[in-house]
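Below is one structure, written out as structure tokens, with a few remarks after it.
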Amino acid sequence: DSGVTQTPKHLITATGQRVTLRCSPRSGDLSVYWYQQSLDQGLQFLIQYYNGEERAKGNILERFSAQQFPDLHSELNLSSLELGDSALYFCASSVGATGNQPQHFGDGTRLSIL
Amino acid sequence: SQKIEQNSEALNIQEGKTATLTCNYTNYSPAYLQWYRQDPGRGPVFLLLIRENEKEKRKERLKVTFDTTLKQSLFHITASQPADSATYLCAPQDSSASKIIFGSGTRLSIRP
């Protein structure tokens with residue numbers, strides 16, 4: 001058990017809709033990372049938050065946004081959903097903000113767009 | 001642009017042999033390199049981190065090397081077991097971690 005909790009585990013919705021994915025980091029971790037993993041594709045980094053502030057941004061679409069709250073949990077909002085957004089979305093957490101920290105991953109939210 | 005290459009083909013190894021996985025990177029100079037294991041439908045699990053000034057790091061049956069001249073890391077599993085079957089991801093990172101990049105992974109299959 002990594003200590004990172006993601007909810008919901010599965011989400012099925014339709015094109016054009018909006019969803020919110022939630023992540024609770026491991027106790028004591030200040031950084032939260034969001035990744036997208038599509039079939040046959042690697043982990044694509046979306047965005048990182050450290051102690052409530054955006055720290056780094058990857059290939060995140062404008063339709064997607066995230067935030068980290070004072071209690072350090074994070075939410076990833078996906079809007080105007082398209083079929084191609086179907087994927088596994090992972091959240092990871094680490095103690096610090098930089099690359100010398102192991103990341104601890106949740107088991108993901110599987111998003112299916114019909 | 002920054003690029004990471006891992007063995008695109010799946011690796012099939014006989015139980016008991018040493019499995020060696022390769023991670024090559026181009027167009028950047030990472031200060032750290034991490035290796036993760038991912039099982040189907042699960043999140044990646046951290047295995048080892050090696051720094052640019054370390055040539056080699058070991059943990060039980062795992063060994064990682066980091067050659068900054070060749071821009072390559074090798075990941076070895078000795079005395080491989082069927083339970084080692086999984087996809088293994090490398091993630092070279094700069095010290096600021098301004099952008100987190102994972103390789104696409106190598107699928108390892110250990111046959112009894």
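Residues in the structure tokens are named by chain (A, B, ... in the order shown) and by number from 1 within that chain; ligands are numbered from 1 in the order shown.
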Spatial neighbours of stretch 41-45 of chain B, 7 Å, only C-alpha atoms, chain gap at least 5 places, as a list in words: Phe90, His104, Phe105, Gly106, Asp107 and Gly108 of chain A; Tyr36 of chain B
How would the residues just picked look written out with N, CA, C and O atoms as a PDB file, in the first residue's frame?
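After the write, part23.pdb holds the following:
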ATOM      1  N   PHE A  90      -3.220   8.790 -12.952  1.00  0.00           N
ATOM      2  CA  PHE A  90      -2.520   8.486 -11.710  1.00  0.00           C
ATOM      3  C   PHE A  90      -2.152   9.759 -10.977  1.00  0.00           C
ATOM      4  O   PHE A  90      -1.789  10.769 -11.581  1.00  0.00           O
ATOM      5  N   HIS A 104       5.420   8.199  -4.888  1.00  0.00           N
ATOM      6  CA  HIS A 104       4.544   7.115  -4.450  1.00  0.00           C
ATOM      7  C   HIS A 104       3.215   7.276  -5.165  1.00  0.00           C
ATOM      8  O   HIS A 104       2.567   8.314  -5.038  1.00  0.00           O
ATOM      9  N   PHE A 105       2.847   6.260  -5.909  1.00  0.00           N
ATOM     10  CA  PHE A 105       1.676   6.337  -6.776  1.00  0.00           C
ATOM     11  C   PHE A 105       0.451   5.680  -6.171  1.00  0.00           C
ATOM     12  O   PHE A 105       0.545   4.648  -5.497  1.00  0.00           O
ATOM     13  N   GLY A 106      -0.706   6.286  -6.462  1.00  0.00           N
ATOM     14  CA  GLY A 106      -1.975   5.624  -6.182  1.00  0.00           C
ATOM     15  C   GLY A 106      -2.253   4.597  -7.272  1.00  0.00           C
ATOM     16  O   GLY A 106      -1.461   4.464  -8.216  1.00  0.00           O
ATOM     17  N   ASP A 107      -3.371   3.910  -7.157  1.00  0.00           N
ATOM     18  CA  ASP A 107      -3.713   2.902  -8.153  1.00  0.00           C
ATOM     19  C   ASP A 107      -4.565   3.444  -9.286  1.00  0.00           C
ATOM     20  O   ASP A 107      -5.052   2.685 -10.116  1.00  0.00           O
ATOM     21  N   GLY A 108      -4.751   4.742  -9.308  1.00  0.00           N
ATOM     22  CA  GLY A 108      -5.332   5.376 -10.470  1.00  0.00           C
ATOM     23  C   GLY A 108      -6.848   5.433 -10.502  1.00  0.00           C
ATOM     24  O   GLY A 108      -7.542   4.718  -9.775  1.00  0.00           O
TER      25      GLY A 108
ATOM     26  N   TYR B  36      11.157   2.273 -11.709  1.00  0.00           N
ATOM     27  CA  TYR B  36       9.876   1.874 -11.135  1.00  0.00           C
ATOM     28  C   TYR B  36       9.418   0.572 -11.776  1.00  0.00           C
ATOM     29  O   TYR B  36       9.745   0.275 -12.913  1.00  0.00           O
TER      30      TYR B  36
END
B:Arg58 surroundings by only C-alpha atoms, 12 Å radius, close-in-sequence under 4 positions cut, as a PyMOL selection string: chain B and resi 47-50+54+62-66+74-78
Counting only C-alpha atoms, chain A residues within 9 Å of chain B, as number ranges by chain: A: 2, 40-48, 55-58, 88, 90-92, 97-108, 110
Which of A:Leu30, A:Glu75, A:Glu82, A:Thr109 sits closest to A:Leu61 [using only C-alpha atoms]: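 That would be A:Glu82, the residue with the smallest distance to A:Leu61.
Between atom CA of A:Ser79 and atom CA of A:Pro25 lies a distance of 23.2 Å.
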